[in-house]
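A short write-up of the structure that comes next.
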Amino acid sequence: MSTTILPPGAVSRQSVAAAPPLPDVMQPKQPRKGFLGYLTRHPTIAIGGSLLLLMIAVAIFAPFLWTKDPTALAPVMRTRDPSAAHWFGTDMLGRDVYSRVLYGTRVSLIVGFGVAIAASVIGLFIGLVSGFVRWADSIIMRVMDGLMSIPSILLAIALMALTRGSVGNVILAITVAEIPRVSRLVRGVVLSLREQPYVDAAVASGTRTPVIIWRHILPNTLAPMTVQATYICASAMITEAILSFIGAGTPPIIPSWGNIMAEGRALWQVKPYIVFFPAIFLSITVLAVNLLGDGLRDSLDPRAAKRV
């Protein structure tokens, strides 16, 4: 019987086969798959999405959350401190602040989502045309530069001064102020994609420009646009609160967080809760949208995905 002499440090196949398996503690952990695994790898999306879903649920089910009529006047009950009957107290007209804050969630979310969708769609179209059609680029961008030279809040105030106060006009005014930023973002992405080899190949093969934009350019702009839309949503909610606070937004009969804070600023030193509660709800909602945007940016960025 012959024996095989192994060099120092070598391991025979028999010894490897006979070696016991590693205990479970030493086995490398595999990342979770599916939606729960995605949320585990991106906790900011989970936190921001949960808070935003909570605010959406508050807006939808506000009539069923022990609220009263947010526009009902009760002069006898004005400026009452928080109690079991009025959880957030009452304002200077006797209206229940808790009910007004919960119903005000609807206005902020409608304005935020409405502006984000409208500005993204219009800005996406303008950016695609400006970035891919060379002769139209200079004309469109000069118009966008002119709009961007005016601060967005001042432009929104000027547009609201030309119309009457309503939720629809607020969405329109803020959308006009946000379109230039979206269009410039999309234009920058398109300018980099336009020089890619697959686009040159499509042009050389005689593919029409609308088909190239639809098949090759548009899909690659959706990721940055999704992230940008979340920031637009948060900015729109803040702008709406500012417009309502200074009396240029939604009419006072419609409960919104800006209106509630504007009505309570005269009593801020003696009744701070009138301003405190809507400000807290606004801060939480904006924080939720920003966290969601940060998480989407990290998950959709291919360079960040490689580091995970």
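By convention here, the chains of the structure tokens are called A, B, ... in the order presented, each chain's residues are numbered starting at 1, and ligands are numbered starting at 1 in the order presented.
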
Stretch 120-134 of chain A environment, 7 Å, only C-alpha atoms, sequence neighbours closer than 4 positions dropped, as an NGL selection string: :A and (116 or 140 or 179-180 or 182-184 or 186-187 or 190-191 or 194 or 229)

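Once stretch 270-284 of chain A and its same-chain neighbours fewer than 6 positions away are set aside, A:Val101, A:Trp257, A:Met261, A:Gly264 remain within 6 Å of it when counting only C-alpha atoms.
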
Restrict the selected residues to C-alpha atoms and save them as a CSV table (one decimal), in the first residue's frame.
chain,number,residue,atom,x,y,z
A,101,VAL,CA,-55.3,70.2,12.1
A,257,TRP,CA,-51.9,74.3,8.6
A,261,MET,CA,-50.8,79.1,12.3
A,264,GLY,CA,-52.9,81.7,16.2

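Taking atom CA of A:Arg78 as the reference point, atom CA of A:Val97 is found at 10.5 Å.
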
Two-atom distance - atom CA of A:Ser50, atom CA of A:Ser108 (Å):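 About the pair atom CA of A:Ser50 and atom CA of A:Ser108: they are 17.4 Å apart.
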
Pick from A:Met77, A:Ala59, A:Ile150, A:Val111 nearest to A:Asn169, counting only C-alpha atoms: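 Looking only at the distances to A:Asn169, the closest residue turns out to be A:Val111.
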
Distance in Å - atom CA of A:Gly293 versus atom CA of A:Val143: 28.1 Å

Counting only C-alpha atoms, the residue of A:Val115, A:Leu147, A:Ala248, A:Ala158 that sits nearest A:Leu172: A:Val115

10 Å contact set for A:Val199, only C-alpha atoms, chain neighbours under 5 positions out, as an MDAnalysis selection string: chainID A and resid 193:194 204:205 207 212:213 215:217

Picked from stretch 47-241 of chain A by DSSP as helix (DSSP H, G or I), as a PyMOL selection string: chain A and resi 47-60+62-64+75-77+97-132+134-148+152-161+167-193+197-204+209-241

C-alpha atoms of the current selection, written as a compact mmCIF listing (two decimals), in the first residue's frame:
# COMPACT_ATOMS: atom_id res chain seq x y z
CA ILE A 47 -39.34 55.15 8.20
CA GLY A 48 -40.29 57.86 5.74
CA GLY A 49 -42.84 55.68 3.96
CA SER A 50 -44.45 54.63 7.24
CA LEU A 51 -44.80 58.23 8.44
CA LEU A 52 -46.19 59.32 5.09
CA LEU A 53 -48.70 56.47 5.03
CA LEU A 54 -49.75 57.46 8.54
CA MET A 55 -50.40 61.03 7.40
CA ILE A 56 -52.33 59.80 4.37
CA ALA A 57 -54.46 57.63 6.65
CA VAL A 58 -55.11 60.63 8.90
CA ALA A 59 -56.21 62.68 5.89
CA ILE A 60 -58.52 59.96 4.58
CA ALA A 62 -60.22 62.36 9.50
CA PRO A 63 -64.05 62.28 9.87
CA PHE A 64 -63.77 59.02 11.84
CA PRO A 75 -67.59 81.91 20.60
CA VAL A 76 -68.38 80.75 24.11
CA MET A 77 -65.60 78.10 23.86
CA VAL A 97 -57.98 72.91 16.72
CA TYR A 98 -57.65 69.12 16.69
CA SER A 99 -60.29 68.80 13.98
CA ARG A 100 -58.82 71.66 11.95
CA VAL A 101 -55.32 70.18 12.10
CA LEU A 102 -56.51 66.75 10.95
CA TYR A 103 -58.58 68.18 8.11
CA GLY A 104 -55.68 70.45 7.20
CA THR A 105 -53.65 67.34 6.40
CA ARG A 106 -55.82 66.88 3.31
CA VAL A 107 -54.95 70.30 1.91
CA SER A 108 -51.21 69.89 2.40
CA LEU A 109 -51.09 66.41 0.88
CA ILE A 110 -53.28 67.39 -2.07
CA VAL A 111 -51.07 70.39 -2.79
CA GLY A 112 -47.85 68.42 -2.31
CA PHE A 113 -48.82 65.48 -4.50
CA GLY A 114 -50.55 67.67 -7.06
CA VAL A 115 -47.55 69.95 -7.52
CA ALA A 116 -45.11 67.02 -7.59
CA ILE A 117 -47.07 65.23 -10.33
CA ALA A 118 -47.80 68.31 -12.43
CA ALA A 119 -44.30 69.79 -12.21
CA SER A 120 -42.69 66.40 -12.92
CA VAL A 121 -44.79 65.71 -16.01
CA ILE A 122 -44.44 69.19 -17.53
CA GLY A 123 -40.79 69.58 -16.55
CA LEU A 124 -40.00 66.11 -17.90
CA PHE A 125 -41.48 66.97 -21.29
CA ILE A 126 -39.66 70.31 -21.47
CA GLY A 127 -36.36 68.77 -20.36
CA LEU A 128 -36.58 65.95 -22.90
CA VAL A 129 -37.23 68.34 -25.78
CA SER A 130 -34.59 70.82 -24.63
CA GLY A 131 -31.92 68.21 -24.05
CA PHE A 132 -32.38 66.23 -27.26
CA ARG A 134 -30.47 71.09 -30.16
CA TRP A 135 -32.12 74.05 -31.90
CA ALA A 136 -34.83 74.32 -29.23
CA ASP A 137 -32.42 74.11 -26.30
CA SER A 138 -31.30 77.74 -26.25
CA ILE A 139 -34.85 79.12 -26.56
CA ILE A 140 -36.38 76.92 -23.87
CA MET A 141 -33.53 77.31 -21.40
CA ARG A 142 -33.56 81.11 -21.64
CA VAL A 143 -37.22 81.06 -20.64
CA MET A 144 -36.47 78.67 -17.78
CA ASP A 145 -33.55 80.83 -16.63
CA GLY A 146 -35.85 83.84 -16.56
CA LEU A 147 -38.31 81.99 -14.32
CA MET A 148 -35.54 80.70 -12.07
CA SER A 152 -40.10 80.56 -6.12
CA ILE A 153 -42.07 81.95 -3.16
CA LEU A 154 -42.18 85.43 -4.71
CA LEU A 155 -43.30 83.99 -8.05
CA ALA A 156 -46.03 82.01 -6.31
CA ILE A 157 -47.19 85.11 -4.41
CA ALA A 158 -47.28 87.13 -7.64
CA LEU A 159 -49.33 84.47 -9.40
CA MET A 160 -51.73 84.16 -6.47
CA ALA A 161 -52.21 87.93 -6.50
CA VAL A 167 -56.48 75.00 -3.61
CA GLY A 168 -56.35 74.65 -7.40
CA ASN A 169 -54.78 78.08 -7.87
CA VAL A 170 -52.22 77.33 -5.16
CA ILE A 171 -51.23 74.13 -6.98
CA LEU A 172 -50.97 76.04 -10.27
CA ALA A 173 -48.86 78.85 -8.80
CA ILE A 174 -46.39 76.53 -7.07
CA THR A 175 -46.18 74.27 -10.14
CA VAL A 176 -45.10 77.17 -12.35
CA ALA A 177 -42.37 78.00 -9.85
CA GLU A 178 -41.10 74.39 -9.73
CA ILE A 179 -41.11 73.55 -13.46
CA PRO A 180 -37.74 75.25 -14.28
CA ARG A 181 -35.88 73.18 -11.69
CA VAL A 182 -37.33 69.93 -13.00
CA SER A 183 -36.66 70.79 -16.63
CA ARG A 184 -33.01 71.67 -15.94
CA LEU A 185 -32.49 68.39 -14.08
CA VAL A 186 -33.97 66.35 -16.94
CA ARG A 187 -32.03 68.37 -19.51
CA GLY A 188 -28.74 67.58 -17.76
CA VAL A 189 -29.53 63.86 -17.73
CA VAL A 190 -30.56 63.91 -21.40
CA LEU A 191 -27.40 65.74 -22.45
CA SER A 192 -25.29 62.95 -20.95
CA LEU A 193 -27.45 60.19 -22.42
CA PRO A 197 -23.16 54.73 -28.16
CA TYR A 198 -26.59 53.10 -28.22
CA VAL A 199 -28.20 56.47 -28.98
CA ASP A 200 -25.71 57.09 -31.79
CA ALA A 201 -26.50 53.63 -33.16
CA ALA A 202 -30.23 54.36 -33.07
CA VAL A 203 -29.71 57.65 -34.90
CA ALA A 204 -27.46 56.00 -37.50
CA THR A 209 -36.42 61.14 -32.73
CA PRO A 210 -39.68 60.52 -30.77
CA VAL A 211 -38.96 56.78 -30.76
CA ILE A 212 -35.39 57.34 -29.53
CA ILE A 213 -36.63 59.57 -26.73
CA TRP A 214 -39.37 57.11 -25.74
CA ARG A 215 -37.26 53.93 -25.84
CA HIS A 216 -33.74 55.04 -24.87
CA ILE A 217 -33.88 58.42 -23.13
CA LEU A 218 -37.09 58.48 -21.09
CA PRO A 219 -36.53 55.24 -19.09
CA ASN A 220 -33.15 56.51 -17.88
CA THR A 221 -34.63 59.77 -16.58
CA LEU A 222 -37.31 58.19 -14.40
CA ALA A 223 -35.00 57.36 -11.47
CA PRO A 224 -33.69 60.90 -10.86
CA MET A 225 -37.14 62.31 -11.57
CA THR A 226 -38.70 60.08 -8.90
CA VAL A 227 -36.25 61.38 -6.31
CA GLN A 228 -36.75 64.96 -7.42
CA ALA A 229 -40.54 64.58 -7.19
CA THR A 230 -40.30 63.78 -3.47
CA TYR A 231 -38.34 66.96 -2.80
CA ILE A 232 -40.82 68.96 -4.87
CA CYS A 233 -43.66 67.51 -2.79
CA ALA A 234 -42.01 68.57 0.48
CA SER A 235 -41.16 72.03 -0.88
CA ALA A 236 -44.73 72.50 -2.14
CA MET A 237 -46.22 71.75 1.27
CA ILE A 238 -43.94 74.31 2.91
CA THR A 239 -44.72 76.89 0.22
CA GLU A 240 -48.46 76.31 0.63
CA ALA A 241 -48.15 76.84 4.39
